[in-house]
Structure formats: C-alpha cells, structure tokens
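Peer 1: Supplied structure: structure.cif, mmCIF, C-alpha atoms.
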```cif
data_my_file
#
loop_
_atom_site.group_PDB
_atom_site.id
_atom_site.type_symbol
_atom_site.label_atom_id
_atom_site.label_comp_id
_atom_site.auth_asym_id
_atom_site.auth_seq_id
_atom_site.Cartn_x
_atom_site.Cartn_y
_atom_site.Cartn_z
ATOM 1 C CA MET A 1 40.969 155.766 106.317
ATOM 2 C CA SER A 2 41.985 154.565 109.777
ATOM 3 C CA ILE A 3 39.192 154.460 112.360
ATOM 4 C CA ALA A 4 39.032 154.481 116.145
ATOM 5 C CA ILE A 5 36.713 151.686 117.236
ATOM 6 C CA ASN A 6 36.901 152.512 120.933
ATOM 7 C CA ILE A 7 39.265 154.403 123.255
ATOM 8 C CA VAL A 8 39.226 154.459 127.044
ATOM 9 C CA GLN A 9 41.338 156.913 129.001
ATOM 10 C CA GLY A 10 42.128 156.868 132.697
ATOM 11 C CA ALA A 11 44.853 157.078 135.308
ATOM 12 C CA PHE A 12 46.482 154.054 133.617
ATOM 13 C CA GLY A 13 46.877 155.975 130.351
ATOM 14 C CA ARG A 14 44.927 155.010 127.237
ATOM 15 C CA VAL A 15 43.604 151.799 125.754
ATOM 16 C CA ALA A 16 42.614 151.998 122.108
ATOM 17 C CA LEU A 17 41.176 149.577 119.573
ATOM 18 C CA LEU A 18 42.186 150.968 116.183
ATOM 19 C CA ASP A 19 41.314 149.931 112.647
ATOM 20 C CA MET A 20 44.519 150.930 110.842
ATOM 21 C CA ASP A 21 44.978 151.249 107.094
ATOM 22 C CA LYS A 22 47.439 154.163 106.776
ATOM 23 C CA PRO A 23 51.055 154.566 107.910
ATOM 24 C CA LEU A 24 52.009 156.951 110.729
ATOM 25 C CA VAL A 25 54.926 159.363 110.826
ATOM 26 C CA VAL A 26 57.822 158.805 113.223
ATOM 27 C CA HIS A 27 56.602 159.854 116.669
ATOM 28 C CA ALA A 28 57.011 159.052 120.353
ATOM 29 C CA HIS A 29 55.030 158.916 123.605
ATOM 30 C CA HIS A 30 55.886 159.442 127.247
ATOM 31 C CA HIS A 31 54.097 156.120 127.895
ATOM 32 C CA CYS A 32 55.236 152.524 127.827
ATOM 33 C CA HIS A 33 53.643 151.522 124.548
ATOM 34 C CA ILE A 34 52.394 147.964 123.953
ATOM 35 C CA LEU A 35 50.932 146.932 120.597
ATOM 36 C CA ILE A 36 49.012 143.702 120.030
ATOM 37 C CA LYS A 37 47.212 142.642 116.869
ATOM 38 C CA ALA A 38 43.561 142.005 117.676
ATOM 39 C CA SER A 39 42.589 140.675 114.240
ATOM 40 C CA GLY A 40 43.130 141.068 110.514
ATOM 41 C CA SER A 41 46.283 141.148 108.430
ATOM 42 C CA ASP A 42 49.744 141.191 109.948
ATOM 43 C CA ALA A 43 51.334 144.623 110.343
ATOM 44 C CA TYR A 44 54.739 146.194 110.982
ATOM 45 C CA PHE A 45 56.156 148.911 113.204
ATOM 46 C CA ASP A 46 59.450 150.619 112.509
ATOM 47 C CA VAL A 47 61.390 150.562 115.783
ATOM 48 C CA ARG A 48 65.147 150.980 116.198
ATOM 49 C CA GLY A 49 65.631 151.094 112.451
ATOM 50 C CA ASP A 50 63.990 147.741 111.704
ATOM 51 C CA LEU A 51 60.486 146.599 110.827
ATOM 52 C CA GLN A 52 59.009 144.686 113.773
ATOM 53 C CA PRO A 53 56.199 142.255 112.848
ATOM 54 C CA LEU A 54 52.864 142.450 114.615
ATOM 55 C CA THR A 55 51.210 139.067 114.224
ATOM 56 C CA ARG A 56 48.830 136.825 116.100
ATOM 57 C CA ASP A 57 51.791 135.444 118.051
ATOM 58 C CA SER A 58 53.869 138.597 118.607
ATOM 59 C CA ALA A 59 53.710 141.935 120.403
ATOM 60 C CA VAL A 60 55.638 145.129 119.753
ATOM 61 C CA LEU A 61 57.039 146.821 122.868
ATOM 62 C CA ILE A 62 58.155 150.445 122.698
ATOM 63 C CA ASN A 63 59.960 152.256 125.483
ATOM 64 C CA ALA A 64 58.855 155.627 126.799
ATOM 65 C CA TRP A 65 60.125 158.362 124.486
ATOM 66 C CA GLU A 66 61.350 155.848 121.896
ATOM 67 C CA PRO A 67 60.801 156.982 118.275
ATOM 68 C CA HIS A 68 58.701 154.614 116.171
ATOM 69 C CA ALA A 69 56.303 154.573 113.235
ATOM 70 C CA TYR A 70 53.481 152.398 111.947
ATOM 71 C CA ALA A 71 54.637 151.038 108.585
ATOM 72 C CA HIS A 72 51.345 150.027 107.010
ATOM 73 C CA ARG A 73 51.637 147.751 103.999
ATOM 74 C CA ALA A 74 48.854 147.370 101.493
ATOM 75 C CA SER A 75 47.175 143.997 101.801
ATOM 76 C CA THR A 76 44.354 142.199 100.063
ATOM 77 C CA GLY A 77 43.502 140.565 103.372
ATOM 78 C CA PRO A 78 41.243 141.861 106.152
ATOM 79 C CA ARG A 79 41.989 145.247 107.707
ATOM 80 C CA THR A 80 44.384 145.281 110.645
ATOM 81 C CA ILE A 81 42.765 145.871 114.047
ATOM 82 C CA ILE A 82 45.322 146.849 116.699
ATOM 83 C CA LEU A 83 44.960 146.874 120.473
ATOM 84 C CA ALA A 84 47.204 149.766 121.497
ATOM 85 C CA LEU A 85 48.114 150.307 125.149
ATOM 86 C CA TYR A 86 49.629 153.631 126.208
ATOM 87 C CA ILE A 87 50.551 152.900 129.811
ATOM 88 C CA GLU A 88 51.476 155.658 132.257
ATOM 89 C CA CYS A 89 54.719 154.827 134.074
ATOM 90 C CA PRO A 90 53.448 156.212 137.438
ATOM 91 C CA TRP A 91 50.468 153.823 137.200
ATOM 92 C CA LEU A 92 52.839 150.900 136.699
ATOM 93 C CA GLU A 93 54.827 152.040 139.718
ATOM 94 C CA ARG A 94 51.637 152.021 141.790
ATOM 95 C CA LEU A 95 51.126 148.382 140.798
ATOM 96 C CA HIS A 96 54.600 147.513 142.049
ATOM 97 C CA ARG A 97 57.340 149.776 143.372
ATOM 98 C CA GLN A 98 59.994 148.094 141.227
ATOM 99 C CA LEU A 99 58.112 149.157 138.113
ATOM 100 C CA ALA A 100 59.452 152.686 138.625
ATOM 101 C CA VAL A 101 62.143 151.470 136.244
ATOM 102 C CA ALA A 102 59.541 151.534 133.439
ATOM 103 C CA GLN A 103 60.707 155.053 132.565
ATOM 104 C CA HIS A 104 64.182 153.798 131.688
ATOM 105 C CA PRO A 105 64.971 153.979 127.934
ATOM 106 C CA ARG A 106 66.038 150.304 127.951
ATOM 107 C CA PHE A 107 63.103 148.985 129.976
ATOM 108 C CA PHE A 108 62.125 146.822 126.997
ATOM 109 C CA PRO A 109 65.382 145.310 125.709
ATOM 110 C CA ALA A 110 63.708 143.816 122.603
ATOM 111 C CA PRO A 111 61.074 145.637 120.523
ATOM 112 C CA CYS A 112 59.320 142.497 119.258
ATOM 113 C CA VAL A 113 58.515 139.474 121.436
ATOM 114 C CA ARG A 114 56.509 136.275 121.341
ATOM 115 C CA LEU A 115 53.086 136.796 122.888
ATOM 116 C CA PRO A 116 52.425 134.377 125.777
ATOM 117 C CA LEU A 117 49.202 132.407 125.361
ATOM 118 C CA SER A 118 47.804 133.748 128.638
ATOM 119 C CA VAL A 119 48.369 137.332 127.484
ATOM 120 C CA ARG A 120 46.887 136.503 124.082
ATOM 121 C CA ALA A 121 43.687 135.341 125.775
ATOM 122 C CA ARG A 122 43.460 138.461 127.952
ATOM 123 C CA ALA A 123 44.122 140.722 124.966
ATOM 124 C CA ASP A 124 41.368 138.970 122.994
ATOM 125 C CA ALA A 125 38.923 139.465 125.867
ATOM 126 C CA LEU A 126 39.792 143.157 126.215
ATOM 127 C CA ALA A 127 39.556 143.716 122.445
ATOM 128 C CA ALA A 128 36.156 141.978 122.378
ATOM 129 C CA ALA A 129 34.869 144.207 125.188
ATOM 130 C CA LEU A 130 36.091 147.336 123.388
ATOM 131 C CA LEU A 131 34.575 146.153 120.122
ATOM 132 C CA ALA A 132 31.226 145.528 121.818
ATOM 133 C CA GLY A 133 31.367 148.938 123.492
ATOM 134 C CA ASP A 134 31.141 147.446 126.982
ATOM 135 C CA GLU A 135 31.517 150.144 129.642
ATOM 136 C CA LEU A 136 33.753 148.362 132.090
ATOM 137 C CA PRO A 137 33.935 150.018 135.526
ATOM 138 C CA ALA A 138 37.250 151.761 136.113
ATOM 139 C CA GLU A 139 38.402 149.311 138.779
ATOM 140 C CA ALA A 140 37.540 146.284 136.636
ATOM 141 C CA LEU A 141 39.351 147.719 133.633
ATOM 142 C CA GLU A 142 42.445 148.517 135.667
ATOM 143 C CA ASN A 143 42.457 144.982 137.076
ATOM 144 C CA ASP A 144 42.119 143.557 133.560
ATOM 145 C CA LEU A 145 44.990 145.732 132.346
ATOM 146 C CA ALA A 146 47.215 144.704 135.231
ATOM 147 C CA GLU A 147 46.512 141.028 134.536
ATOM 148 C CA LEU A 148 47.383 141.582 130.868
ATOM 149 C CA VAL A 149 50.458 143.769 131.298
ATOM 150 C CA ILE A 150 52.329 142.167 134.215
ATOM 151 C CA PRO A 151 52.619 138.687 132.617
ATOM 152 C CA LEU A 152 54.012 140.407 129.518
ATOM 153 C CA LEU A 153 56.496 142.523 131.465
ATOM 154 C CA ASP A 154 57.769 139.584 133.501
ATOM 155 C CA PRO A 155 59.667 137.837 130.692
ATOM 156 C CA TYR A 156 60.263 140.800 128.392
ATOM 157 C CA SER A 157 61.238 143.807 130.512
ATOM 158 C CA GLU A 158 63.940 144.704 132.998
ATOM 159 C CA TRP A 159 61.595 145.506 135.858
ATOM 160 C CA ARG A 160 63.040 142.829 138.128
ATOM 161 C CA ASN A 161 66.608 143.797 137.185
ATOM 162 C CA ALA A 162 66.584 147.489 138.029
ATOM 163 C CA SER A 163 69.989 147.497 139.734
ATOM 164 C CA ARG A 164 71.617 145.761 136.772
ATOM 165 C CA LEU A 165 69.837 148.005 134.310
ATOM 166 C CA TYR A 166 71.065 151.185 135.956
ATOM 167 C CA ARG A 167 74.519 149.735 136.597
ATOM 168 C CA HIS A 168 75.153 148.855 132.953
ATOM 169 C CA HIS A 169 72.919 151.374 131.168
ATOM 170 C CA VAL A 170 73.067 154.638 133.081
ATOM 171 C CA PRO A 171 70.873 157.243 131.348
ATOM 172 C CA ASN A 172 72.570 160.363 130.062
ATOM 173 C CA PRO A 173 72.012 163.277 132.450
ATOM 174 C CA LEU A 174 69.667 165.923 131.115
ATOM 175 C CA ASP A 175 71.780 168.929 130.218
ATOM 176 C CA ALA A 176 70.573 172.040 132.064
ATOM 177 C CA ARG A 177 70.298 173.992 128.789
ATOM 178 C CA VAL A 178 68.147 171.262 127.256
ATOM 179 C CA ALA A 179 66.013 171.150 130.426
ATOM 180 C CA ARG A 180 65.370 174.886 130.129
ATOM 181 C CA ALA A 181 64.437 174.452 126.465
ATOM 182 C CA ILE A 182 61.977 171.688 127.371
ATOM 183 C CA ASP A 183 60.421 173.834 130.108
ATOM 184 C CA TYR A 184 60.002 176.620 127.561
ATOM 185 C CA LEU A 185 58.370 174.254 125.053
ATOM 186 C CA ARG A 186 55.895 172.972 127.637
ATOM 187 C CA VAL A 187 54.798 176.498 128.534
ATOM 188 C CA HIS A 188 54.689 177.649 124.908
ATOM 189 C CA VAL A 189 53.375 174.482 123.270
ATOM 190 C CA GLY A 190 51.235 176.511 120.869
ATOM 191 C CA ASP A 191 53.975 178.909 119.821
ATOM 192 C CA ALA A 192 55.893 178.601 116.591
ATOM 193 C CA ALA A 193 59.203 177.869 118.308
ATOM 194 C CA CYS A 194 62.008 176.756 116.030
ATOM 195 C CA VAL A 195 65.394 175.156 116.642
ATOM 196 C CA ASP A 196 67.155 178.460 115.959
ATOM 197 C CA ASP A 197 65.093 180.174 118.682
ATOM 198 C CA LEU A 198 65.787 177.403 121.181
ATOM 199 C CA ALA A 199 69.490 177.365 120.346
ATOM 200 C CA SER A 200 69.667 181.121 120.802
ATOM 201 C CA ARG A 201 67.986 180.860 124.210
ATOM 202 C CA ALA A 202 70.556 178.219 125.177
ATOM 203 C CA CYS A 203 73.411 180.419 123.857
ATOM 204 C CA LEU A 204 74.503 177.640 121.520
ATOM 205 C CA SER A 205 74.909 177.268 117.791
ATOM 206 C CA ARG A 206 72.060 175.513 116.013
ATOM 207 C CA ALA A 207 74.210 172.435 115.287
ATOM 208 C CA HIS A 208 75.537 172.213 118.857
ATOM 209 C CA PHE A 209 72.063 172.606 120.381
ATOM 210 C CA PHE A 210 70.561 170.012 118.008
ATOM 211 C CA ALA A 211 73.263 167.461 118.870
ATOM 212 C CA LEU A 212 73.026 168.167 122.612
ATOM 213 C CA PHE A 213 69.222 167.887 122.588
ATOM 214 C CA ARG A 214 69.301 164.595 120.724
ATOM 215 C CA ARG A 215 71.996 163.149 122.970
ATOM 216 C CA SER A 216 70.023 164.139 126.078
ATOM 217 C CA THR A 217 66.556 163.022 124.984
ATOM 218 C CA ASN A 218 67.040 160.540 122.124
ATOM 219 C CA LEU A 219 64.725 162.793 120.087
ATOM 220 C CA THR A 220 65.216 165.716 117.763
ATOM 221 C CA PRO A 221 63.828 169.066 118.994
ATOM 222 C CA GLY A 222 61.150 168.943 116.295
ATOM 223 C CA LEU A 223 60.023 165.440 117.263
ATOM 224 C CA TYR A 224 59.951 166.416 120.926
ATOM 225 C CA MET A 225 57.815 169.462 120.112
ATOM 226 C CA ASN A 226 55.400 167.213 118.218
ATOM 227 C CA VAL A 227 55.103 164.885 121.240
ATOM 228 C CA LEU A 228 54.158 167.803 123.487
ATOM 229 C CA ARG A 229 51.702 169.145 120.927
ATOM 230 C CA MET A 230 50.007 165.759 120.488
ATOM 231 C CA GLU A 231 49.646 165.249 124.230
ATOM 232 C CA ALA A 232 48.206 168.749 124.594
ATOM 233 C CA ALA A 233 45.792 167.976 121.747
ATOM 234 C CA ILE A 234 44.685 164.705 123.350
ATOM 235 C CA GLY A 235 44.269 166.434 126.700
ATOM 236 C CA GLY A 236 42.159 169.163 125.134
ATOM 237 C CA LEU A 237 39.982 166.728 123.208
ATOM 238 C CA SER A 238 39.403 164.614 126.320
ATOM 239 C CA ALA A 239 38.986 167.261 128.991
ATOM 240 C CA ASP A 240 36.265 169.544 127.692
ATOM 241 C CA GLU A 241 34.048 170.491 124.785
ATOM 242 C CA THR A 242 36.298 173.235 123.427
ATOM 243 C CA ALA A 243 35.621 173.585 119.709
ATOM 244 C CA ILE A 244 38.226 171.781 117.663
ATOM 245 C CA ALA A 245 38.864 174.963 115.681
ATOM 246 C CA ALA A 246 39.652 176.817 118.920
ATOM 247 C CA LEU A 247 41.902 173.987 120.137
ATOM 248 C CA SER A 248 43.672 174.008 116.807
ATOM 249 C CA GLN A 249 44.350 177.728 117.112
ATOM 250 C CA ARG A 250 45.506 177.352 120.727
ATOM 251 C CA LEU A 251 48.057 174.777 119.613
ATOM 252 C CA GLY A 252 49.483 177.086 116.989
ATOM 253 C CA PHE A 253 47.953 175.705 113.788
ATOM 254 C CA SER A 254 47.059 178.303 111.183
ATOM 255 C CA ALA A 255 44.058 176.271 110.004
ATOM 256 C CA GLN A 256 41.961 173.468 111.475
ATOM 257 C CA SER A 257 42.765 171.336 108.420
ATOM 258 C CA HIS A 258 46.471 171.510 109.322
ATOM 259 C CA PHE A 259 45.685 170.337 112.854
ATOM 260 C CA THR A 260 43.552 167.478 111.522
ATOM 261 C CA ARG A 261 46.331 166.357 109.190
ATOM 262 C CA PHE A 262 48.935 166.559 111.985
ATOM 263 C CA PHE A 263 46.733 164.554 114.368
ATOM 264 C CA ARG A 264 45.966 161.906 111.756
ATOM 265 C CA GLN A 265 49.639 161.543 110.814
ATOM 266 C CA HIS A 266 50.507 160.811 114.451
ATOM 267 C CA LEU A 267 47.551 158.738 115.651
ATOM 268 C CA GLY A 268 45.901 157.607 112.428
ATOM 269 C CA ILE A 269 42.504 159.143 113.154
ATOM 270 C CA THR A 270 40.954 162.609 113.112
ATOM 271 C CA PRO A 271 40.503 164.786 116.225
ATOM 272 C CA THR A 272 36.737 164.533 115.756
ATOM 273 C CA ASP A 273 36.894 160.734 115.699
ATOM 274 C CA TYR A 274 39.119 160.725 118.789
ATOM 275 C CA ARG A 275 36.718 162.899 120.761
ATOM 276 C CA ARG A 276 33.658 160.921 119.644
ATOM 277 C CA LYS A 277 35.144 157.500 120.438
ATOM 278 C CA THR A 278 36.964 158.297 123.709
ATOM 279 C CA ARG A 279 35.497 157.579 127.132
ATOM 280 C CA VAL A 280 37.281 159.224 130.041
ATOM 281 C CA LEU A 281 36.756 157.288 133.246
ATOM 282 C CA ALA A 282 34.968 159.422 135.822
ATOM 283 C CA HIS A 283 37.502 159.024 138.636
ATOM 284 C CA ALA A 284 40.570 159.300 136.413
ATOM 285 C CA ALA A 285 43.225 161.807 137.296
ATOM 286 C CA ALA A 286 43.561 164.818 135.008
ATOM 287 C CA HIS A 287 45.363 163.946 131.813
ATOM 288 C CA ALA A 288 49.084 163.959 132.583
ATOM 289 C CA GLN A 289 51.336 166.318 130.671
ATOM 290 C CA ALA A 290 54.377 164.697 129.070
ATOM 291 C CA ALA A 291 57.111 164.490 131.673
ATOM 292 C CA ALA A 292 60.810 164.866 130.949
ATOM 293 C CA PRO A 293 62.037 161.719 129.240
ATOM 294 C CA ALA A 294 64.227 159.100 130.810
ATOM 295 C CA GLN A 295 67.555 159.780 129.203
ATOM 296 C CA GLY A 296 69.658 157.366 127.242
#
```
With the file now loaded, output its structure as structure tokens.

Peer 2:
Amino acid sequence: MSIAINIVQGAFGRVALLDMDKPLVVHAHHHCHILIKASGSDAYFDVRGDLQPLTRDSAVLINAWEPHAYAHRASTGPRTIILALYIECPWLERLHRQLAVAQHPRFFPAPCVRLPLSVRARADALAAALLAGDELPAEALENDLAELVIPLLDPYSEWRNASRLYRHHVPNPLDARVARAIDYLRVHVGDAACVDDLASRACLSRAHFFALFRRSTNLTPGLYMNVLRMEAAIGGLSADETAIAALSQRLGFSAQSHFTRFFRQHLGITPTDYRRKTRVLAHAAAHAQAAAPAQG
C-alpha cells in the first residue's frame, strides 16, 4: 500500500513525500506538477502517451491540467519514494511576474528532463527534512521551494519566452457553453452530474458536447469532474475536522469505502492518511478551488 510520509500545504500549493507502490489512474491537477525521485527504485509516469522515467538524474514535469498517471512497475528493489510538488500558478507569479505564463498548457515543453545537480541537492535536503518531520517555518519553506523550483524552470520551461509561447501556441478560447458547464460543476461538485445532463444544459448532443469540452479543456468531462472532486476532498480534509464519512457524503459518494477507493486511485493514499500526515501552514491562504484551465 502507498503511504504518505509527510505533506505540507500552504499558499505555494502542496509538497508531499510519498512512498508509492501502486499505480494511479489518469488524473490532472490545476497546479504545475513537478516529480522528483527521492530514493528507491526508478519509476515511470505516463504523460502525453509515453512512459517518462523518474530516476536519480531525471524529473517529470507536468503542465497544469495535463492528464497523467503513475505507472508503477513491480520491482524487487527498494520502494520508490517520490518528492511531489503541486505548485500553485499564482504563487509562481508572485515570485516573478513573468511566471504568470505557468498556466499555459505548453509551459513545460518536455515532460521528462535531466535534473540539474544543484536542484538534486536541494531536493535531497527538502526530502530529508520531510522524512525527519522537521517543521520548517512557512517563510523558510517557501524560500527553499523557490530556490529548488526556479533553477529547474529556467532551462526547462517557457517562462522567459512568454511572447513566443503565446505567439506560436495560442490557447483555444474557452467556449461559453463549456464555461457554463464548468461553473455548474464547481457549484454542484457533490451531485451526480453526467455528460448527458451537461450536454442537455448546453443544448448540444452528447457527442458534440464531449468533443467541444475536450477541445476546450484538454480533458474529458468525467476527468474534469474528478479533478474538481479531488480538490474539494483535499480542501475538506485540510480545512477542518469534518468526519470523513460526512465529507464523503457531501461529495456525492454513496459509501465512505467508495470515497476511499476514489481518493487512493488518484493520490495513492487514503483520506485518513492524508489528513493525519498533512500540515497546513498557519498563515496559508484558504485552499484554492481549481480554476478554469489554461486552454490548449
């Protein structure tokens, strides 16, 4: 079973040290997602239709709203420990105005890159602190994250080429009917909405709505609904002591066991483990709801 060793949540997003031994379903995040192997056997993530290796010398970079999956492979070697960064795009923009481009669907042009030695050292230090359970002050942790992330973005993202990025890769505009469907899903995240219902609300056939939604968001309606539900689950687990059974019901699950299975399939751990291992920094902003995706 996969285990959360330590998770810290703040205005920057989430930083998690995860002991992974099970695959994850295809999912997405509204964050810039950076994956670094902390120790153990090599691993693979399915991104853009190919398996991307996560090794001592590589990192996997996943754009906001980009579908991906953890493709765990059985190994006789040590268990894979992953340092997973879920970075909020507004936090990156606060570090540097040009990083507003982080929301672009082609911000990371390549999903797998060579890990610079300086970043490797910073990742090792952060993983060691998480493993030891060190309670880094919020400001110190944010400084450490900035010193880890910026040297990785410099060679491997388009943050210094925003004008070229938008000139050659203009995101698809969000269709107004899809935008209304997304607004409905956000408000009714716990309802049993289906594609037929959403298509009917948009006055479109199921096939037309499905194609339009995917073209506008790069996700299927079902996958998008799962993203919203996972973020609502994480927000509920982090924000208060609401019973997990009550949270499960609020999110539309008919049984807590179904919620637990859904959560584990997407994050690898149980809701109980997430709540027990997560520290929310005292001055952190309220957990952000998933914003509309950068289109492309």

Peer 1: For a quick check of understanding, using all atoms listed in the file, which of A:His208, A:Lys277, A:Arg201, A:Arg106 has the smallest distance to Tyr184 in chain A?

Peer 2: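 For Tyr184 in chain A, the nearest of the candidates is A:Arg201.
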
Peer 1: Between CA of Met230 in chain A and CA of Ala192 in chain A, what is the spacing in Å?

Peer 2: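 Taking CA of Ala192 in chain A and CA of Met230 in chain A, their separation equals 14.7 Å.
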
Peer 1: Would you please work out which residue, of A:Val195, A:Ala232, A:Ala59, A:Ala16, is nearest to Leu126 in chain A when using all atoms listed in the file?

Peer 2: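 Among A:Val195, A:Ala232, A:Ala59, A:Ala16, it is A:Ala16 that comes nearest to Leu126 in chain A.
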
Peer 1: What does the structure give for the distance between CA of Leu204 in chain A and CA of Ser216 in chain A, in Å to one decimal?

Peer 2: 14.9 Å

Peer 1: Quote the spacing between CA of Ile62 in chain A and CA of Ile82 in chain A in Å to one decimal place.

Peer 2: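 The value is 14.6 Å.
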
Peer 1: Determine the residue set returned by the PyMOL selection byres ((chain A and resi 189) around 9) for the present structure, and present it as a PyMOL selection string.

Peer 2: chain A and resi 184-188+190-193+225+228-229+232+250-252

Peer 1: Using only C-alpha atoms, which residues sit within 12 Å of Ser163 in chain A once same-chain residues fewer than 5 positions away are excluded, as number ranges by chain?

Peer 2: A: 98, 100-101, 104, 158, 168-170

Peer 1: Will you give me range 182-250 of chain A, written with C-alpha atoms and laid out as a PDB file, in the first residue's frame?

Peer 2:
```pdb
ATOM      1  CA  ILE A 182     -17.692  24.126 -15.589  1.00  0.00           C
ATOM      2  CA  ASP A 183     -19.387  26.745 -13.403  1.00  0.00           C
ATOM      3  CA  TYR A 184     -22.226  24.292 -12.818  1.00  0.00           C
ATOM      4  CA  LEU A 185     -19.794  21.503 -11.891  1.00  0.00           C
ATOM      5  CA  ARG A 186     -17.975  23.709  -9.387  1.00  0.00           C
ATOM      6  CA  VAL A 187     -21.218  24.622  -7.629  1.00  0.00           C
ATOM      7  CA  HIS A 188     -22.564  21.063  -7.740  1.00  0.00           C
ATOM      8  CA  VAL A 189     -19.339  19.140  -7.160  1.00  0.00           C
ATOM      9  CA  GLY A 190     -21.150  16.590  -4.998  1.00  0.00           C
ATOM     10  CA  ASP A 191     -24.014  15.988  -7.404  1.00  0.00           C
ATOM     11  CA  ALA A 192     -24.220  13.003  -9.696  1.00  0.00           C
ATOM     12  CA  ALA A 193     -23.915  15.075 -12.868  1.00  0.00           C
ATOM     13  CA  CYS A 194     -23.408  13.107 -16.057  1.00  0.00           C
ATOM     14  CA  VAL A 195     -22.332  14.053 -19.569  1.00  0.00           C
ATOM     15  CA  ASP A 196     -25.910  13.735 -20.826  1.00  0.00           C
ATOM     16  CA  ASP A 197     -27.099  16.261 -18.216  1.00  0.00           C
ATOM     17  CA  LEU A 198     -24.321  18.701 -19.073  1.00  0.00           C
ATOM     18  CA  ALA A 199     -24.924  18.320 -22.801  1.00  0.00           C
ATOM     19  CA  SER A 200     -28.625  18.960 -22.304  1.00  0.00           C
ATOM     20  CA  ARG A 201     -27.884  22.123 -20.317  1.00  0.00           C
ATOM     21  CA  ALA A 202     -25.630  23.277 -23.163  1.00  0.00           C
ATOM     22  CA  CYS A 203     -28.334  22.411 -25.745  1.00  0.00           C
ATOM     23  CA  LEU A 204     -25.917  20.104 -27.537  1.00  0.00           C
ATOM     24  CA  SER A 205     -25.852  16.438 -28.415  1.00  0.00           C
ATOM     25  CA  ARG A 206     -23.782  14.252 -26.113  1.00  0.00           C
ATOM     26  CA  ALA A 207     -21.137  13.657 -28.809  1.00  0.00           C
ATOM     27  CA  HIS A 208     -20.903  17.348 -29.745  1.00  0.00           C
ATOM     28  CA  PHE A 209     -20.642  18.456 -26.106  1.00  0.00           C
ATOM     29  CA  PHE A 210     -17.998  15.806 -25.329  1.00  0.00           C
ATOM     30  CA  ALA A 211     -15.859  16.876 -28.301  1.00  0.00           C
ATOM     31  CA  LEU A 212     -16.280  20.589 -27.532  1.00  0.00           C
ATOM     32  CA  PHE A 213     -15.401  20.092 -23.853  1.00  0.00           C
ATOM     33  CA  ARG A 214     -12.288  18.108 -24.685  1.00  0.00           C
ATOM     34  CA  ARG A 215     -11.150  20.598 -27.311  1.00  0.00           C
ATOM     35  CA  SER A 216     -11.615  23.485 -24.866  1.00  0.00           C
ATOM     36  CA  THR A 217     -10.033  21.930 -21.776  1.00  0.00           C
ATOM     37  CA  ASN A 218      -7.845  19.043 -22.982  1.00  0.00           C
ATOM     38  CA  LEU A 219      -9.826  16.842 -20.569  1.00  0.00           C
ATOM     39  CA  THR A 220     -12.931  14.726 -20.829  1.00  0.00           C
ATOM     40  CA  PRO A 221     -15.933  15.927 -18.777  1.00  0.00           C
ATOM     41  CA  GLY A 222     -15.557  12.921 -16.477  1.00  0.00           C
ATOM     42  CA  LEU A 223     -11.866  13.590 -15.842  1.00  0.00           C
ATOM     43  CA  TYR A 224     -12.585  17.256 -15.199  1.00  0.00           C
ATOM     44  CA  MET A 225     -15.298  16.325 -12.694  1.00  0.00           C
ATOM     45  CA  ASN A 226     -12.818  14.055 -10.913  1.00  0.00           C
ATOM     46  CA  VAL A 227     -10.285  16.913 -10.666  1.00  0.00           C
ATOM     47  CA  LEU A 228     -12.868  19.155  -9.006  1.00  0.00           C
ATOM     48  CA  ARG A 229     -13.962  16.378  -6.665  1.00  0.00           C
ATOM     49  CA  MET A 230     -10.385  15.588  -5.613  1.00  0.00           C
ATOM     50  CA  GLU A 231      -9.589  19.232  -4.924  1.00  0.00           C
ATOM     51  CA  ALA A 232     -12.785  19.574  -2.894  1.00  0.00           C
ATOM     52  CA  ALA A 233     -11.820  16.424  -0.976  1.00  0.00           C
ATOM     53  CA  ILE A 234      -8.319  17.735  -0.251  1.00  0.00           C
ATOM     54  CA  GLY A 235      -9.745  21.083   0.818  1.00  0.00           C
ATOM     55  CA  GLY A 236     -12.198  19.395   3.160  1.00  0.00           C
ATOM     56  CA  LEU A 237      -9.575  17.115   4.675  1.00  0.00           C
ATOM     57  CA  SER A 238      -7.203  20.036   5.243  1.00  0.00           C
ATOM     58  CA  ALA A 239      -9.576  22.752   6.389  1.00  0.00           C
ATOM     59  CA  ASP A 240     -11.475  21.234   9.286  1.00  0.00           C
ATOM     60  CA  GLU A 241     -12.240  18.125  11.289  1.00  0.00           C
ATOM     61  CA  THR A 242     -15.387  17.173   9.385  1.00  0.00           C
ATOM     62  CA  ALA A 243     -15.859  13.419   9.688  1.00  0.00           C
ATOM     63  CA  ILE A 244     -14.625  11.626   6.608  1.00  0.00           C
ATOM     64  CA  ALA A 245     -17.987   9.878   6.286  1.00  0.00           C
ATOM     65  CA  ALA A 246     -19.734  13.268   6.184  1.00  0.00           C
ATOM     66  CA  LEU A 247     -17.227  14.622   3.649  1.00  0.00           C
ATOM     67  CA  SER A 248     -17.739  11.535   1.543  1.00  0.00           C
ATOM     68  CA  GLN A 249     -21.492  12.084   1.528  1.00  0.00           C
ATOM     69  CA  ARG A 250     -21.077  15.792   0.740  1.00  0.00           C
TER      70      ARG A 250
END
```
